[in-house]
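Text of target-v9.csv, listed as CSV, C-alpha atoms and all ligand atoms:
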chain,number,residue,atom,x,y,z
M,1,MET,CA,53.2,29.3,80.8
M,2,ARG,CA,50.2,31.2,79.6
M,3,VAL,CA,49.5,34.9,80.4
M,4,VAL,CA,45.9,35.9,80.9
M,5,VAL,CA,45.6,39.7,80.6
M,6,TYR,CA,42.3,40.7,82.4
M,7,GLY,CA,41.2,44.2,81.3
M,8,LEU,CA,42.3,45.2,77.8
M,9,GLY,CA,42.8,49.0,78.0
M,10,ALA,CA,45.9,51.2,78.0
M,11,ILE,CA,48.1,49.0,80.2
M,12,GLY,CA,46.5,45.6,79.5
M,13,GLY,CA,46.4,46.3,75.7
M,14,SER,CA,50.0,47.4,75.6
M,15,VAL,CA,51.4,44.6,77.7
M,16,ALA,CA,49.2,41.9,75.9
M,17,ALA,CA,50.3,43.1,72.5
M,18,LEU,CA,54.0,43.3,73.4
M,19,LEU,CA,54.0,39.9,75.0
M,20,ALA,CA,52.1,38.3,72.2
M,21,ARG,CA,54.4,39.9,69.7
M,22,SER,CA,57.4,38.4,71.5
M,23,GLY,CA,56.0,34.9,71.2
M,24,VAL,CA,54.3,34.5,74.7
M,25,GLU,CA,51.0,32.7,74.7
M,26,VAL,CA,48.5,35.3,75.7
M,27,VAL,CA,44.7,35.3,76.3
M,28,ALA,CA,43.0,38.6,76.8
M,29,ILE,CA,39.7,39.3,78.7
M,30,ALA,CA,38.0,42.4,77.3
M,31,ARG,CA,34.5,43.8,77.2
M,32,GLY,CA,32.3,46.2,75.3
M,33,ALA,CA,33.5,47.9,72.1
M,34,MET,CA,37.1,46.8,72.8
M,35,LEU,CA,36.1,43.1,72.8
M,36,GLU,CA,34.2,43.5,69.5
M,37,ALA,CA,37.0,45.5,67.8
M,38,VAL,CA,39.8,43.1,68.8
M,39,ARG,CA,37.8,40.1,67.8
M,40,ALA,CA,37.0,41.7,64.4
M,41,ASP,CA,40.4,43.4,63.5
M,42,GLY,CA,43.0,42.5,66.2
M,43,LEU,CA,44.6,44.8,68.7
M,44,TRP,CA,46.5,47.8,67.2
M,45,LEU,CA,49.5,49.1,69.2
M,46,LYS,CA,51.6,52.1,68.4
M,47,ALA,CA,54.7,52.8,70.5
M,48,PRO,CA,58.0,54.6,69.9
M,49,GLY,CA,59.4,53.0,66.8
M,50,LEU,CA,56.7,50.4,66.7
M,51,GLU,CA,53.3,49.9,65.0
M,52,VAL,CA,51.7,46.4,65.1
M,53,VAL,CA,48.4,44.6,64.9
M,54,GLU,CA,48.2,41.5,67.1
M,55,HIS,CA,45.4,39.0,66.5
M,56,LEU,CA,45.1,37.8,70.1
M,57,ALA,CA,42.9,35.2,71.6
M,58,CYS,CA,40.3,37.4,73.3
M,59,VAL,CA,37.3,36.4,75.4
M,60,GLY,CA,34.5,38.4,77.1
M,61,HIS,CA,34.5,36.6,80.5
M,62,PRO,CA,36.9,34.4,82.6
M,63,ALA,CA,34.3,31.6,82.3
M,64,GLU,CA,35.2,31.3,78.6
M,65,ILE,CA,38.7,30.2,79.5
M,66,ASP,CA,39.8,26.6,80.0
M,67,TRP,CA,42.0,27.5,83.0
M,68,ARG,CA,45.3,25.7,83.4
M,69,ALA,CA,47.7,25.3,86.3
M,70,ASP,CA,50.4,27.2,84.4
M,71,ASP,CA,48.3,30.3,83.8
M,72,MET,CA,49.2,33.6,85.4
M,73,VAL,CA,46.7,36.4,85.5
M,74,LEU,CA,47.5,40.1,85.0
M,75,LEU,CA,44.8,42.3,86.5
M,76,CYS,CA,44.8,45.5,84.3
M,77,MET,CA,41.5,47.2,85.1
M,78,LYS,CA,41.0,50.3,87.1
M,79,THR,CA,40.7,49.7,90.9
M,80,GLN,CA,37.0,50.4,90.9
M,81,HIS,CA,36.5,47.4,88.6
M,82,THR,CA,38.7,45.0,90.6
M,83,PRO,CA,36.1,43.5,93.0
M,84,GLY,CA,33.8,42.3,90.2
M,85,ALA,CA,36.7,41.0,88.2
M,86,LEU,CA,37.9,38.9,91.1
M,87,GLU,CA,34.5,37.4,91.8
M,88,ASP,CA,34.3,36.5,88.1
M,89,LEU,CA,37.7,34.8,88.2
M,90,ARG,CA,36.7,32.8,91.3
M,91,ALA,CA,33.5,31.7,89.7
M,92,ALA,CA,35.3,30.6,86.6
M,93,GLY,CA,37.5,28.2,88.6
M,94,VAL,CA,40.7,30.2,89.2
M,95,THR,CA,42.3,29.0,92.5
M,96,ASP,CA,45.9,29.3,93.2
M,97,GLN,CA,47.3,30.6,89.9
M,98,PRO,CA,49.4,33.8,90.5
M,99,LEU,CA,47.5,37.0,90.2
M,100,PHE,CA,49.5,40.1,89.4
M,101,CYS,CA,48.0,43.5,90.0
M,102,LEU,CA,49.4,45.8,87.3
M,103,GLN,CA,47.4,48.7,88.8
M,104,ASN,CA,48.0,52.0,90.5
M,105,GLY,CA,47.1,52.5,94.1
M,106,VAL,CA,47.7,50.0,96.9
M,107,THR,CA,44.3,48.5,97.4
M,108,ASN,CA,44.0,45.9,94.7
M,109,GLU,CA,46.4,43.4,96.3
M,110,ASP,CA,44.4,43.3,99.5
M,111,LEU,CA,41.1,42.9,97.6
M,112,ALA,CA,42.7,40.0,95.7
M,113,LEU,CA,44.2,38.4,98.8
M,114,ARG,CA,40.7,38.1,100.3
M,115,LEU,CA,39.7,35.7,97.5
M,116,PHE,CA,43.0,34.2,96.3
M,117,PRO,CA,46.2,32.9,98.0
M,118,ASN,CA,48.8,33.8,95.4
M,119,VAL,CA,48.8,37.6,94.9
M,120,HIS,CA,51.6,39.8,93.6
M,121,GLY,CA,51.9,43.5,93.4
M,122,VAL,CA,53.3,45.3,90.3
M,123,THR,CA,54.4,49.0,90.1
M,124,VAL,CA,53.6,50.0,86.6
M,125,MET,CA,55.8,52.7,85.0
M,126,MET,CA,54.4,52.8,81.5
M,127,PRO,CA,52.5,55.8,80.1
M,128,ALA,CA,49.8,54.4,77.9
M,129,THR,CA,46.6,55.5,76.3
M,130,TYR,CA,43.3,53.9,75.4
M,131,LEU,CA,40.8,56.2,73.7
M,132,HIS,CA,39.4,54.2,70.8
M,133,PRO,CA,38.2,50.6,70.7
M,134,GLY,CA,40.9,48.2,69.4
M,135,LYS,CA,43.7,50.8,69.6
M,136,VAL,CA,46.3,51.5,72.3
M,137,VAL,CA,49.3,53.7,72.4
M,138,CYS,CA,52.3,53.3,74.6
M,139,ASN,CA,54.7,56.2,75.2
M,140,GLY,CA,57.5,54.4,77.0
M,141,ALA,CA,61.1,54.4,75.6
M,142,PRO,CA,63.7,53.0,75.4
M,143,LYS,CA,61.9,50.3,77.4
M,144,PHE,CA,58.2,50.3,76.7
M,145,GLY,CA,57.6,50.0,80.4
M,146,VAL,CA,59.4,49.3,83.7
M,147,PHE,CA,57.8,47.2,86.3
M,148,ASP,CA,58.7,46.4,90.0
M,149,LEU,CA,57.1,43.2,91.0
M,150,GLY,CA,56.9,40.9,94.0
M,151,ARG,CA,54.7,38.8,96.1
M,152,TYR,CA,52.1,40.5,98.3
M,153,PRO,CA,52.5,41.4,101.1
M,154,ARG,CA,56.2,40.8,100.7
M,155,GLY,CA,58.7,38.3,99.3
M,156,ALA,CA,59.3,37.1,95.8
M,157,ASP,CA,59.0,33.7,94.1
M,158,ALA,CA,59.4,31.8,90.9
M,159,ALA,CA,56.3,33.4,89.4
M,160,ASP,CA,57.8,36.9,89.8
M,161,GLN,CA,61.0,35.7,88.1
M,162,ALA,CA,59.0,34.2,85.3
M,163,LEU,CA,56.9,37.3,84.7
M,164,ALA,CA,60.1,39.5,84.8
M,165,MET,CA,61.7,37.3,82.2
M,166,VAL,CA,58.9,37.5,79.7
M,167,LEU,CA,58.5,41.3,80.2
M,168,ASP,CA,62.3,41.6,79.5
M,169,GLY,CA,61.9,39.5,76.4
M,170,ALA,CA,59.1,41.7,75.1
M,171,GLY,CA,61.0,45.1,75.3
M,172,MET,CA,59.9,46.0,78.8
M,173,ALA,CA,61.9,45.6,82.0
M,174,GLY,CA,60.8,43.7,85.1
M,175,PHE,CA,62.5,44.0,88.5
M,176,VAL,CA,61.7,41.4,91.2
M,177,ARG,CA,61.5,43.1,94.6
M,178,GLU,CA,61.1,41.7,98.1
M,179,ASP,CA,59.1,44.7,99.2
M,180,VAL,CA,57.1,45.7,96.1
M,181,MET,CA,54.5,47.6,98.1
M,182,ALA,CA,57.1,50.2,99.2
M,183,SER,CA,57.6,50.9,95.5
M,184,LYS,CA,53.8,51.0,95.0
M,185,TYR,CA,53.4,53.6,97.8
M,186,GLY,CA,56.1,55.7,96.0
M,187,LYS,CA,54.1,55.5,92.8
M,188,LEU,CA,50.9,56.4,94.7
M,189,LEU,CA,52.5,59.8,95.5
M,190,VAL,CA,52.9,60.4,91.8
M,191,ASN,CA,49.3,59.4,91.0
M,192,LEU,CA,47.9,61.9,93.5
M,193,GLY,CA,48.4,64.3,90.5
M,194,ASN,CA,46.2,62.3,88.2
M,195,ILE,CA,43.1,64.3,89.4
M,196,LEU,CA,44.8,67.6,88.6
M,197,GLU,CA,45.3,66.6,85.0
M,198,ALA,CA,41.8,65.2,84.9
M,199,SER,CA,40.2,68.4,86.2
M,200,LEU,CA,42.5,71.2,84.8
M,201,GLY,CA,43.9,69.5,81.7
M,202,ARG,CA,47.3,68.3,80.6
M,203,GLY,CA,50.0,71.0,80.9
M,204,ALA,CA,47.8,73.4,82.9
M,205,ASP,CA,49.0,75.4,85.8
M,206,PHE,CA,48.4,73.4,89.0
M,207,GLY,CA,49.6,76.1,91.3
M,208,ASP,CA,50.8,74.7,94.6
M,209,LEU,CA,48.2,71.9,94.7
M,210,SER,CA,50.6,69.0,93.7
M,211,ALA,CA,53.0,70.0,96.5
M,212,ARG,CA,50.3,70.3,99.1
M,213,MET,CA,48.8,67.0,98.2
M,214,LYS,CA,52.2,65.3,98.4
M,215,ASP,CA,53.0,67.0,101.7
M,216,GLU,CA,49.8,65.7,103.2
M,217,ALA,CA,50.5,62.2,101.9
M,218,GLU,CA,54.0,62.1,103.2
M,219,ALA,CA,52.8,63.1,106.7
M,220,VAL,CA,50.1,60.5,106.5
M,221,LEU,CA,52.4,57.7,105.4
M,222,ARG,CA,54.9,58.7,108.1
M,223,ALA,CA,52.2,58.6,110.7
M,224,ALA,CA,51.1,55.2,109.4
M,225,GLY,CA,54.6,53.8,109.5
M,226,ILE,CA,54.5,52.9,105.8
M,227,ARG,CA,57.8,52.5,104.0
M,228,VAL,CA,57.9,54.5,100.7
M,229,GLU,CA,60.4,54.0,97.9
M,230,ARG,CA,60.3,56.5,95.1
M,231,ARG,CA,61.2,55.7,91.5
M,232,GLY,CA,64.9,55.3,91.2
M,233,ASP,CA,65.6,55.3,95.0
M,234,ALA,CA,66.8,51.7,94.9
M,235,ASP,CA,68.6,52.0,91.6
M,236,PRO,CA,69.0,55.5,90.1
M,237,ALA,CA,70.1,53.9,86.7
M,238,LYS,CA,66.5,52.5,86.4
M,239,ARG,CA,65.1,55.9,85.7
M,240,ALA,CA,66.9,56.1,82.4
M,241,LEU,CA,65.2,52.9,81.2
M,242,MET,CA,61.9,54.4,80.5
M,243,ASN,CA,60.7,58.0,79.8
M,244,GLY,CA,57.5,59.3,78.4
M,245,THR,CA,58.3,59.8,74.7
M,246,GLU,CA,56.2,61.2,71.8
M,247,VAL,CA,54.6,58.8,69.4
M,248,ALA,CA,54.3,60.4,66.0
M,249,GLY,CA,50.7,61.4,65.3
M,250,GLU,CA,49.4,60.3,68.7
M,251,ALA,CA,49.2,63.2,71.2
M,252,ARG,CA,49.0,61.9,74.7
M,253,PRO,CA,45.8,63.4,76.1
M,254,GLY,CA,46.7,62.9,79.8
M,255,GLY,CA,47.1,60.1,82.4
M,256,SER,CA,44.8,57.2,83.1
M,257,SER,CA,42.2,59.2,85.1
M,258,ALA,CA,41.9,61.9,82.4
M,259,GLN,CA,41.4,59.1,79.9
M,260,SER,CA,38.5,57.7,81.9
M,261,LEU,CA,36.7,61.1,81.5
M,262,LEU,CA,37.6,61.4,77.8
M,263,ARG,CA,36.1,58.0,77.2
M,264,GLY,CA,33.0,58.8,79.2
M,265,ALA,CA,33.8,55.6,81.3
M,266,GLY,CA,31.4,56.7,84.0
M,267,SER,CA,33.9,56.3,86.9
M,268,ILE,CA,37.3,57.5,87.9
M,269,GLU,CA,40.0,55.9,90.2
M,270,THR,CA,40.4,58.9,92.5
M,271,ASP,CA,38.8,57.2,95.5
M,272,TRP,CA,41.7,54.7,95.5
M,273,LEU,CA,44.5,57.2,94.8
M,274,ASN,CA,43.8,60.5,96.7
M,275,GLY,CA,41.1,58.5,98.6
M,276,GLU,CA,43.7,56.2,100.1
M,277,ILE,CA,45.6,59.1,101.6
M,278,VAL,CA,42.3,60.4,102.9
M,279,ARG,CA,41.4,57.0,104.4
M,280,LEU,CA,44.8,56.8,106.1
M,281,GLY,CA,44.6,60.4,107.3
M,282,ARG,CA,41.3,59.7,109.0
M,283,LEU,CA,42.7,56.5,110.6
M,284,HIS,CA,45.8,58.2,111.9
M,285,GLY,CA,44.5,61.6,112.8
M,286,VAL,CA,46.4,63.5,110.1
M,287,PRO,CA,44.5,66.4,108.3
M,288,VAL,CA,44.1,65.8,104.6
M,289,PRO,CA,42.0,68.7,103.3
M,290,VAL,CA,43.6,69.0,99.9
M,291,ASN,CA,43.4,65.3,99.0
M,292,ALA,CA,39.8,65.2,100.3
M,293,ALA,CA,38.8,68.1,98.1
M,294,MET,CA,40.5,66.5,95.1
M,295,GLN,CA,38.6,63.2,95.9
M,296,ALA,CA,35.4,65.2,95.9
M,297,MET,CA,36.4,66.8,92.6
M,298,GLY,CA,36.9,63.4,91.0
M,299,ALA,CA,33.3,62.4,92.0
M,300,ARG,CA,32.0,65.7,90.6
M,301,LEU,CA,33.8,65.3,87.2
M,302,VAL,CA,32.1,62.0,86.7
M,303,ARG,CA,28.7,63.1,88.0
M,304,GLU,CA,28.7,66.1,85.7
M,305,GLY,CA,30.3,64.3,82.7
M,306,LEU,CA,33.1,66.9,82.6
M,307,HIS,CA,36.2,66.6,80.4
M,308,PRO,CA,39.8,67.3,81.4
M,309,GLY,CA,40.3,71.1,81.3
M,310,ALA,CA,36.7,71.9,82.1
M,311,LEU,CA,37.7,73.5,85.4
M,312,THR,CA,40.0,76.4,86.2
M,313,LEU,CA,42.6,76.5,89.0
M,314,GLU,CA,40.5,79.2,90.7
M,315,ALA,CA,37.4,77.0,90.7
M,316,VAL,CA,39.4,74.0,92.0
M,317,ALA,CA,41.1,76.1,94.7
M,318,ALA,CA,37.8,77.5,95.7
M,319,GLY,CA,36.7,73.9,96.6
M,320,LEU,CA,39.4,73.7,99.3
X,1,LIG,N1,47.2,54.4,81.5
X,1,LIG,C1,48.4,54.6,82.1
X,1,LIG,O1,49.2,55.4,81.5
X,1,LIG,C2,48.7,54.0,83.3
X,1,LIG,C3,47.8,53.3,84.1
X,1,LIG,N2,48.1,52.7,85.3
X,1,LIG,C4,47.1,51.9,86.1
X,1,LIG,O2,46.9,50.7,85.4
X,1,LIG,C5,45.5,50.3,85.7
X,1,LIG,C6,44.8,50.2,84.4
X,1,LIG,O3,44.7,51.5,83.8
X,1,LIG,P1,44.4,51.7,82.3
X,1,LIG,O4,45.0,50.7,81.5
X,1,LIG,O5,44.7,53.1,82.0
X,1,LIG,O6,42.8,51.5,82.3
X,1,LIG,P2,41.8,51.4,81.1
X,1,LIG,O7,40.5,51.9,81.5
X,1,LIG,O8,42.5,52.0,79.8
X,1,LIG,O9,41.7,49.9,80.8
X,1,LIG,C7,41.1,49.0,81.7
X,1,LIG,C8,40.2,48.1,80.8
X,1,LIG,O10,39.7,47.0,81.6
X,1,LIG,C9,38.3,46.9,81.2
X,1,LIG,N3,37.6,46.1,82.3
X,1,LIG,C10,37.3,46.5,83.5
X,1,LIG,N4,36.7,45.6,84.2
X,1,LIG,C11,36.6,44.5,83.3
X,1,LIG,C12,35.9,43.3,83.4
X,1,LIG,N5,35.3,42.9,84.5
X,1,LIG,N6,36.0,42.5,82.3
X,1,LIG,C13,36.6,42.9,81.2
X,1,LIG,N7,37.2,44.1,81.0
X,1,LIG,C14,37.2,44.9,82.1
X,1,LIG,C15,37.8,48.3,81.0
X,1,LIG,O11,36.6,48.3,80.3
X,1,LIG,P3,35.7,49.6,80.4
X,1,LIG,O12,36.4,50.6,79.6
X,1,LIG,O13,34.4,49.1,79.8
X,1,LIG,O14,35.6,50.0,81.8
X,1,LIG,C16,39.0,48.8,80.2
X,1,LIG,O15,38.9,48.5,78.9
X,1,LIG,C17,44.9,51.4,86.6
X,1,LIG,O16,45.1,51.0,87.9
X,1,LIG,C18,45.8,52.6,86.3
X,1,LIG,O17,45.8,53.5,87.3
X,1,LIG,C19,49.4,52.7,85.7
X,1,LIG,C20,50.4,53.3,85.0
X,1,LIG,C21,50.1,54.1,83.8
X,2,LIG,C1,52.3,58.3,86.0
X,2,LIG,C2,51.2,58.2,85.1
X,2,LIG,C3,50.5,59.5,85.1
X,2,LIG,C4,51.7,57.9,83.8
X,2,LIG,O1,50.8,58.0,82.8
X,2,LIG,C5,50.2,57.2,85.5
X,2,LIG,O2,50.5,56.3,86.3
X,2,LIG,C6,48.8,57.2,85.1
X,2,LIG,O3,48.5,57.7,84.0
X,2,LIG,O4,48.0,56.7,85.9
Rewritten as structure tokens:
Amino acid sequence: MRVVVYGLGAIGGSVAALLARSGVEVVAIARGAMLEAVRADGLWLKAPGLEVVEHLACVGHPAEIDWRADDMVLLCMKTQHTPGALEDLRAAGVTDQPLFCLQNGVTNEDLALRLFPNVHGVTVMMPATYLHPGKVVCNGAPKFGVFDLGRYPRGADAADQALAMVLDGAGMAGFVREDVMASKYGKLLVNLGNILEASLGRGADFGDLSARMKDEAEAVLRAAGIRVERRGDADPAKRALMNGTEVAGEARPGGSSAQSLLRGAGSIETDWLNGEIVRLGRLHGVPVPVNAAMQAMGARLVREGLHPGALTLEAVAAGL
């Protein structure tokens, strides 16, 4: 089995380095300064109790890979970059190899299923950071990350078991689930707060905005008849497996959306996080003013090139 990690950033970089370090055959697909840095100097990963440089096989495009039947692909880009990545995979000759979406939100699996038959969802519980080319930091401990995984839209198969096994062997923990999307909807509720960190900054006072966004989302998901499983619902002991932990000398600047702003990435994932609640609210006739305002805020942050903490709670609340 070979693991192709597509999108070498915070999550892809951490998972690729940990798998490679454990002896799994890994090929990464990266772009831009990350690609150049990894090709020149390898991929540096710092995590609780760990600092390594992995000299990974790293290409700039799926077409540079000689695809094999025993490949599995881990999609690790932000949702806004998934459609282009999927098209490039198809053009490169990928057909029915398993595609795992190690991504937040609940949209990627459906995008993938339009083009590929063998799609799997993964709930990613792994706080990780990518700010500088060639360098990633993972803050998970005692397991570096915990992942629920299963076939999309439901079920589980040998590929899920195989991925769970290699994750376990690399200091992470994989749990095979028959209904992985329920877990992904549970994680979506958490990720509604990404935009608050991105706009107000890590540790800022969010007032009652988190609670209001969640209340809207719960009402929407109920109206849509969507099953939601929160972290630890199925197995409370799982919560103890991974907690956000300081890594000496590496302050965590904020979640994945805040990092997009800090890197000047030019886009943010809010349309697929808060925007998913907005979409479902509009479909099911449930008012979603707070999530809609936060979605608009995400677009504004990118348009104006703002950094996390650039806005005050008063300014954000005024947008409601
Ligand atoms: N970071 C975290 O703590 C967590 C993140 N997640 C989720 O995991 C997913 C990935 O997030 P994260 O790792 O933070 O994102 P990053 O932006 O750190 O990494 C994604 C990487 O993929 C690259 N990429 C995108 N499209 C392509 C492409 N077509 N070819 C090659 N490379 C490509 C990006 O390049 P470029 O920079 O040029 O766009 C970037 O380097 C998201 O859905 C996120 O919400 C889930 C849990 C925690
Ligand atoms: C839960 C959280 C905030 C962990 O970092 C995350 O999923 C993200 O950064 O997108």
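Separating CA of Glu109 in chain M from CA of Gln80 in chain M is a distance of 12.9 Å.
The residue that comes closest to ligand LIG 2 (chain X), out of M:Val5, M:Ile29, M:Ala248, M:Val137 and on the basis of only C-alpha atoms and all ligand atoms, is M:Val137.
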Open item on the list: Residues near range 269-280 of chain M, anyone? I mean within 10 Å using all atoms listed in the file, not counting same-chain ones fewer than 6 positions away, as a PyMOL selection string.
Closed with: chain M and resi 78-81+104-108+187-195+198+213-214+216-221+223-224+256-257+260+286-299
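Across the structure, CA of Gly93 in chain M and CA of Val59 in chain M are spaced 15.5 Å apart.
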All residues 7 Å or closer to range 150-155 of chain M, all atoms listed in the file, same chain fewer than 2 positions away omitted, as an mmCIF file with C-alpha atoms, in the coordinates of the input:
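Output file result_20.cif follows:
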data_model
loop_
_atom_site.group_PDB
_atom_site.id
_atom_site.type_symbol
_atom_site.label_atom_id
_atom_site.label_comp_id
_atom_site.auth_asym_id
_atom_site.auth_seq_id
_atom_site.Cartn_x
_atom_site.Cartn_y
_atom_site.Cartn_z
ATOM 1 C CA GLU M 109 46.400 43.400 96.300
ATOM 2 C CA VAL M 119 48.800 37.600 94.900
ATOM 3 C CA HIS M 120 51.600 39.800 93.600
ATOM 4 C CA GLY M 121 51.900 43.500 93.400
ATOM 5 C CA VAL M 122 53.300 45.300 90.300
ATOM 6 C CA ASP M 157 59.000 33.700 94.100
ATOM 7 C CA ASP M 160 57.800 36.900 89.800
ATOM 8 C CA VAL M 176 61.700 41.400 91.200
ATOM 9 C CA ARG M 177 61.500 43.100 94.600
ATOM 10 C CA GLU M 178 61.100 41.700 98.100
ATOM 11 C CA ASP M 179 59.100 44.700 99.200
ATOM 12 C CA VAL M 180 57.100 45.700 96.100
#
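Separating atom N3 of ligand LIG 1 (chain X) from CA of Met77 in chain M is a distance of 4.9 Å.
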Open item on the list: With only C-alpha atoms as the counted atoms, please give the residues lying no more than 8 Å from Leu115 in chain M, apart from itself and same-chain residues fewer than 5 positions off, as JSON, numbers by chain.
Closed with: {"M": [86, 87, 90]}
Open item on the list: Nearest residue to ligand LIG 1 (chain X) out of M:Val247, M:Val228, M:Ala265, M:Ala182, using only C-alpha atoms and all ligand atoms?
Closed with: M:Ala265
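Using only C-alpha atoms and all ligand atoms, the nearest neighbour of ligand LIG 1 (chain X) within the list M:Met34, M:Ala170, M:Leu149, M:Val15 is M:Met34.
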Open item on the list: Here is a test: counting only C-alpha atoms and all ligand atoms, which residue of M:Ala128, M:Met165, M:Ala237, M:Met1 is nearest to ligand LIG 2 (chain X)?
Closed with: M:Ala128
Find the nearest atom pair between each residue of chain M and ligand LIG 1 (chain X) for residues within 6 Å, count all atoms listed in the file, give distances in Å to one decimal, sort rows by chain and ascending number, and present the table as JSON lines.
{"residue": "M:Gly7", "atom": "CA", "partner": "X:LIG1", "partner_atom": "O10", "distance": 3.2}
{"residue": "M:Leu8", "atom": "CA", "partner": "X:LIG1", "partner_atom": "C8", "distance": 4.7}
{"residue": "M:Gly9", "atom": "CA", "partner": "X:LIG1", "partner_atom": "O9", "distance": 3.1}
{"residue": "M:Ala10", "atom": "CA", "partner": "X:LIG1", "partner_atom": "O4", "distance": 3.6}
{"residue": "M:Ile11", "atom": "CA", "partner": "X:LIG1", "partner_atom": "O4", "distance": 3.8}
{"residue": "M:Gly12", "atom": "CA", "partner": "X:LIG1", "partner_atom": "O4", "distance": 5.7}
{"residue": "M:Ile29", "atom": "CA", "partner": "X:LIG1", "partner_atom": "C13", "distance": 5.4}
{"residue": "M:Ala30", "atom": "CA", "partner": "X:LIG1", "partner_atom": "N7", "distance": 4.1}
{"residue": "M:Arg31", "atom": "CA", "partner": "X:LIG1", "partner_atom": "C13", "distance": 4.6}
{"residue": "M:Gly32", "atom": "CA", "partner": "X:LIG1", "partner_atom": "O13", "distance": 5.8}
{"residue": "M:Cys76", "atom": "CA", "partner": "X:LIG1", "partner_atom": "C6", "distance": 4.7}
{"residue": "M:Met77", "atom": "CA", "partner": "X:LIG1", "partner_atom": "C7", "distance": 3.9}
{"residue": "M:Lys78", "atom": "CA", "partner": "X:LIG1", "partner_atom": "C17", "distance": 4.1}
{"residue": "M:Thr79", "atom": "CA", "partner": "X:LIG1", "partner_atom": "O16", "distance": 5.5}
{"residue": "M:His81", "atom": "CA", "partner": "X:LIG1", "partner_atom": "N4", "distance": 4.8}
{"residue": "M:Gly84", "atom": "CA", "partner": "X:LIG1", "partner_atom": "N5", "distance": 5.9}
{"residue": "M:Ala85", "atom": "CA", "partner": "X:LIG1", "partner_atom": "N5", "distance": 4.4}
{"residue": "M:Leu102", "atom": "CA", "partner": "X:LIG1", "partner_atom": "O2", "distance": 5.8}
{"residue": "M:Gln103", "atom": "CA", "partner": "X:LIG1", "partner_atom": "O16", "distance": 3.4}
{"residue": "M:Asn104", "atom": "CA", "partner": "X:LIG1", "partner_atom": "O16", "distance": 4.0}
{"residue": "M:Val124", "atom": "CA", "partner": "X:LIG1", "partner_atom": "C20", "distance": 4.9}
{"residue": "M:Met125", "atom": "CA", "partner": "X:LIG1", "partner_atom": "C20", "distance": 5.4}
{"residue": "M:Met126", "atom": "CA", "partner": "X:LIG1", "partner_atom": "C21", "distance": 5.0}
{"residue": "M:Pro127", "atom": "CA", "partner": "X:LIG1", "partner_atom": "O1", "distance": 3.6}
{"residue": "M:Ala128", "atom": "CA", "partner": "X:LIG1", "partner_atom": "O1", "distance": 3.8}
{"residue": "M:Thr129", "atom": "CA", "partner": "X:LIG1", "partner_atom": "N1", "distance": 5.3}
{"residue": "M:Tyr130", "atom": "CA", "partner": "X:LIG1", "partner_atom": "O8", "distance": 4.9}
{"residue": "M:Gly255", "atom": "CA", "partner": "X:LIG1", "partner_atom": "O1", "distance": 5.2}
{"residue": "M:Ser256", "atom": "CA", "partner": "X:LIG1", "partner_atom": "N1", "distance": 4.0}
{"residue": "M:Ala265", "atom": "CA", "partner": "X:LIG1", "partner_atom": "O12", "distance": 5.9}
- [ ] Just the residues within 10 Å of Ile65 in chain M, please, counting only C-alpha atoms, with nothing from its chain fewer than 3 positions along; format it as a ChimeraX atom specification.
- [x] /M:4,27-29,58-62,68,89,92-94
Any chance you could export the current selection's C-alpha atoms as a JSON list (two decimals), in the coordinates of the input?
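Everything below was put into again07.json:
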[["chain", "number", "residue", "atom", "x", "y", "z"],
["M", 4, "VAL", "CA", 45.90, 35.90, 80.90],
["M", 27, "VAL", "CA", 44.70, 35.30, 76.30],
["M", 28, "ALA", "CA", 43.00, 38.60, 76.80],
["M", 29, "ILE", "CA", 39.70, 39.30, 78.70],
["M", 58, "CYS", "CA", 40.30, 37.40, 73.30],
["M", 59, "VAL", "CA", 37.30, 36.40, 75.40],
["M", 60, "GLY", "CA", 34.50, 38.40, 77.10],
["M", 61, "HIS", "CA", 34.50, 36.60, 80.50],
["M", 62, "PRO", "CA", 36.90, 34.40, 82.60],
["M", 68, "ARG", "CA", 45.30, 25.70, 83.40],
["M", 89, "LEU", "CA", 37.70, 34.80, 88.20],
["M", 92, "ALA", "CA", 35.30, 30.60, 86.60],
["M", 93, "GLY", "CA", 37.50, 28.20, 88.60],
["M", 94, "VAL", "CA", 40.70, 30.20, 89.20]]
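Proximity of M:Arg263, M:Arg222, M:His307, M:Lys143 to Met242 in chain M, computed with all atoms listed in the file, is greatest for M:Lys143.
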- [ ] Could you tell me which of M:Met181, M:Leu19, M:Leu111, M:Cys138 comes closest to ligand LIG 2 (chain X) if we count all atoms listed in the file?
- [x] M:Cys138
Open item on the list: Using all atoms listed in the file, list the residues that have an atom at most 9 Å from (53.2, 29.2, 86.2), coordinates as in the file, as a PyMOL selection string.
Closed with: chain M and resi 1-3+69-72+97-98+158-159+162
Any chance you can output those residues with C-alpha atoms as an mmCIF file, in the coordinates of the input?
data_model
loop_
_atom_site.group_PDB
_atom_site.id
_atom_site.type_symbol
_atom_site.label_atom_id
_atom_site.label_comp_id
_atom_site.auth_asym_id
_atom_site.auth_seq_id
_atom_site.Cartn_x
_atom_site.Cartn_y
_atom_site.Cartn_z
ATOM 1 C CA MET M 1 53.200 29.300 80.800
ATOM 2 C CA ARG M 2 50.200 31.200 79.600
ATOM 3 C CA VAL M 3 49.500 34.900 80.400
ATOM 4 C CA ALA M 69 47.700 25.300 86.300
ATOM 5 C CA ASP M 70 50.400 27.200 84.400
ATOM 6 C CA ASP M 71 48.300 30.300 83.800
ATOM 7 C CA MET M 72 49.200 33.600 85.400
ATOM 8 C CA GLN M 97 47.300 30.600 89.900
ATOM 9 C CA PRO M 98 49.400 33.800 90.500
ATOM 10 C CA ALA M 158 59.400 31.800 90.900
ATOM 11 C CA ALA M 159 56.300 33.400 89.400
ATOM 12 C CA ALA M 162 59.000 34.200 85.300
#
